[in-house]
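First the structure, in the form of structure tokens, and then the observations on it.
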Amino acid sequence: DGGITQSPKYLFRKEGQNVTLSCEQNLNHDAMYWYRQDPGQGLRLIYYSQIVNDFQKGDIAEGYSVSREKKESFPLTVTSAQKNPTAFYLCASSIDRTLGDTQYFGPGTRLTVL
Amino acid sequence: GDSVTQMEGPVTLSEEAFLTINCTYTATGYPSLFWYVQYPGEGLQLLLKATKADDKGSNKGFEATYRKETTSFHLEKGSVQVSDSAVYFCALSDKGGGADGLTFGKGTHLIIQP
């Protein structure tokens, strides 16, 4: 079955540690996205990538980094510079970035900083 | 910038009641509009979409019409079921405004009681 997988589902880290969230898709989509979801605030865009080896900052990129070395993979690193990292993180992909193109979402990773 | 406003929740209805969740938007270009649904602990699933004015999106008994004159995309269903209980997000994609990713509303939590 085609789809988007994110791992792990739950992740705990200590303050000051970097952590990497995995996102893989086998839909052959060019574009991939990372969003952060906080209670009562909807989703906010962290980073997006239109093609391999290219990515752009979204609305709340500070404290995060990404890479896009393969079409199928778009890992997100939450660095120690992110002041409030506890949140639900969602990865998405779309065929490309044309207007009206549907984004398909993974199941999410819930990150908790202890 | 672009924004989406949707009615605050939670919205509590009895089974078989009529549902309306209001959504209005502000965009600089000519956006595409989406409704996504999120079940507890899961990612987002596309419910329906419309890409131009007067288009009607529909799926699983839900409908929404793209109203450019009122900048609205209200979600409706004639007879809700307990299984419709979830959080519903209205979103837009406005490449013409230079943005990327989706702009989301804050979500409306729908609770259907038997």
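For the structure tokens, the naming scheme is as follows: chains receive sequential letters (A, B, ...) according to their order of presentation, residues are indexed from 1 within each chain, and ligands are indexed from 1 in presentation order.
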
Chain A contacts to chain B at 6 Å (only C-alpha atoms) as a ChimeraX atom specification: /A:40-43,99-100,105-108

Only N, CA and C atoms, please: the residues just picked out, written as an mmCIF file, in the first residue's frame.
```cif
data_model
loop_
_atom_site.group_PDB
_atom_site.id
_atom_site.type_symbol
_atom_site.label_atom_id
_atom_site.label_comp_id
_atom_site.auth_asym_id
_atom_site.auth_seq_id
_atom_site.Cartn_x
_atom_site.Cartn_y
_atom_site.Cartn_z
ATOM 1 N N GLY A 40 -5.412 23.731 20.007
ATOM 2 C CA GLY A 40 -6.129 24.979 19.768
ATOM 3 C C GLY A 40 -5.468 25.919 18.779
ATOM 4 N N GLN A 41 -4.407 25.473 18.107
ATOM 5 C CA GLN A 41 -3.709 26.391 17.174
ATOM 6 C C GLN A 41 -3.648 25.873 15.762
ATOM 7 N N GLY A 42 -4.296 24.804 15.451
ATOM 8 C CA GLY A 42 -4.215 24.301 14.098
ATOM 9 C C GLY A 42 -2.810 23.819 13.767
ATOM 10 N N LEU A 43 -2.474 23.794 12.510
ATOM 11 C CA LEU A 43 -1.159 23.334 12.048
ATOM 12 C C LEU A 43 -0.367 24.509 11.510
ATOM 13 N N LEU A 99 -1.027 24.625 -7.558
ATOM 14 C CA LEU A 99 -2.205 25.080 -6.835
ATOM 15 C C LEU A 99 -3.279 24.003 -6.828
ATOM 16 N N GLY A 100 -3.837 23.801 -5.676
ATOM 17 C CA GLY A 100 -4.928 22.843 -5.565
ATOM 18 C C GLY A 100 -4.470 21.421 -5.360
ATOM 19 N N PHE A 105 -1.195 13.208 4.512
ATOM 20 C CA PHE A 105 -0.512 13.290 5.789
ATOM 21 C C PHE A 105 -0.150 11.914 6.350
ATOM 22 N N GLY A 106 0.961 11.884 7.079
ATOM 23 C CA GLY A 106 1.326 10.712 7.847
ATOM 24 C C GLY A 106 0.585 10.678 9.170
ATOM 25 N N PRO A 107 0.820 9.651 9.996
ATOM 26 C CA PRO A 107 0.094 9.483 11.254
ATOM 27 C C PRO A 107 0.601 10.372 12.378
ATOM 28 N N GLY A 108 1.766 11.005 12.195
ATOM 29 C CA GLY A 108 2.261 11.939 13.198
ATOM 30 C C GLY A 108 3.200 11.319 14.216
#
```

Mind listing the strand (DSSP E) residues of range 14-68 of chain A, per DSSP on the backbone, as a ChimeraX atom specification? /A:19-25,31-37,43-49,56-57,64-66

Using C-alpha atoms, can you write the selected residues to a file as a PDB file, in the first residue's frame?
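result16.pdb, written as the output of this step:
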```pdb
ATOM      1  CA  VAL A  19      16.180  14.570  18.093  1.00  0.00           C
ATOM      2  CA  THR A  20      15.342  13.472  14.542  1.00  0.00           C
ATOM      3  CA  LEU A  21      11.856  12.550  13.369  1.00  0.00           C
ATOM      4  CA  SER A  22      11.541  10.241  10.406  1.00  0.00           C
ATOM      5  CA  CYS A  23       9.210  10.688   7.430  1.00  0.00           C
ATOM      6  CA  GLU A  24       9.108   8.299   4.471  1.00  0.00           C
ATOM      7  CA  GLN A  25       6.731   8.198   1.503  1.00  0.00           C
ATOM      8  CA  ALA A  31       6.918  17.797  -2.564  1.00  0.00           C
ATOM      9  CA  MET A  32       7.117  17.111   1.171  1.00  0.00           C
ATOM     10  CA  TYR A  33       6.195  19.205   4.193  1.00  0.00           C
ATOM     11  CA  TRP A  34       6.563  19.314   7.970  1.00  0.00           C
ATOM     12  CA  TYR A  35       3.899  20.840  10.210  1.00  0.00           C
ATOM     13  CA  ARG A  36       3.651  21.354  13.930  1.00  0.00           C
ATOM     14  CA  GLN A  37       0.317  20.993  15.721  1.00  0.00           C
ATOM     15  CA  LEU A  43      -1.159  23.334  12.048  1.00  0.00           C
ATOM     16  CA  ARG A  44       1.803  25.551  11.274  1.00  0.00           C
ATOM     17  CA  LEU A  45       4.347  24.968   8.499  1.00  0.00           C
ATOM     18  CA  ILE A  46       7.942  24.336   9.602  1.00  0.00           C
ATOM     19  CA  TYR A  47       9.776  23.418   6.375  1.00  0.00           C
ATOM     20  CA  TYR A  48       8.918  22.203   2.918  1.00  0.00           C
ATOM     21  CA  SER A  49      10.789  20.675   0.011  1.00  0.00           C
ATOM     22  CA  GLN A  56      12.601  26.121   2.146  1.00  0.00           C
ATOM     23  CA  LYS A  57      11.724  27.564   5.542  1.00  0.00           C
ATOM     24  CA  TYR A  64      14.486  23.050  13.320  1.00  0.00           C
ATOM     25  CA  SER A  65      16.520  21.622  10.449  1.00  0.00           C
ATOM     26  CA  VAL A  66      15.740  19.249   7.566  1.00  0.00           C
TER      27      VAL A  66
END
```

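In this structure, CA of His74 in chain B sits 11.8 Å away from CA of Ser58 in chain B.
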
Which residues are close to Lys56 in chain B, i.e. within 7 Å by only C-alpha atoms, leaving aside same-chain residues fewer than 4 positions away? Reply as an MDAnalysis selection string. chainID B and resid 50 63:66

Would you pick out the contacts of Gln50 in chain A at 7 Å or less, using only C-alpha atoms, so that residues sharing its chain but fewer than 3 positions from it are not included, and give the list as a PyMOL selection string? chain A and resi 30-32+54-55+96-97

Next, write the just-selected residues to a file, as a PDB file, in the first residue's frame, keeping C-alpha atoms as the atom set.
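So part_16.pdb came out as:
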```pdb
ATOM      1  CA  ASP A  30       7.981  15.449  -5.363  1.00  0.00           C
ATOM      2  CA  ALA A  31       6.918  17.797  -2.564  1.00  0.00           C
ATOM      3  CA  MET A  32       7.117  17.111   1.171  1.00  0.00           C
ATOM      4  CA  ASP A  54      16.188  21.628  -2.009  1.00  0.00           C
ATOM      5  CA  PHE A  55      14.094  22.865   0.912  1.00  0.00           C
ATOM      6  CA  ASP A  96       4.075  18.636  -6.703  1.00  0.00           C
ATOM      7  CA  ARG A  97       3.436  22.142  -5.497  1.00  0.00           C
TER       8      ARG A  97
END
```

Excluding Val11 in chain B and residues on its chain fewer than 2 positions from it, collect all residues at most 12 Å away from it, counting only C-alpha atoms, and give them as a PyMOL selection string. chain B and resi 6-9+13-14+17-22+84-88+107-113

Report the distance between CA of Ser73 in chain A and CA of Glu15 in chain A in Å, rounded to one decimal place. 26.3 Å

CA of Thr109 in chain A to CA of Lys71 in chain A: how many Å, to one decimal?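 CA of Thr109 in chain A sits 20.4 Å away from CA of Lys71 in chain A.
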
Using only C-alpha atoms: which of A:Asn84, A:Gln103, A:Ser93, A:Ser7 has the shortest distance to Asp38 in chain A: A:Asn84

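With only C-alpha atoms as the atoms that count, the minimum distance from Gln81 in chain B to the choices B:Val37, B:Thr28, B:Pro114, B:Arg67 is reached by B:Pro114.
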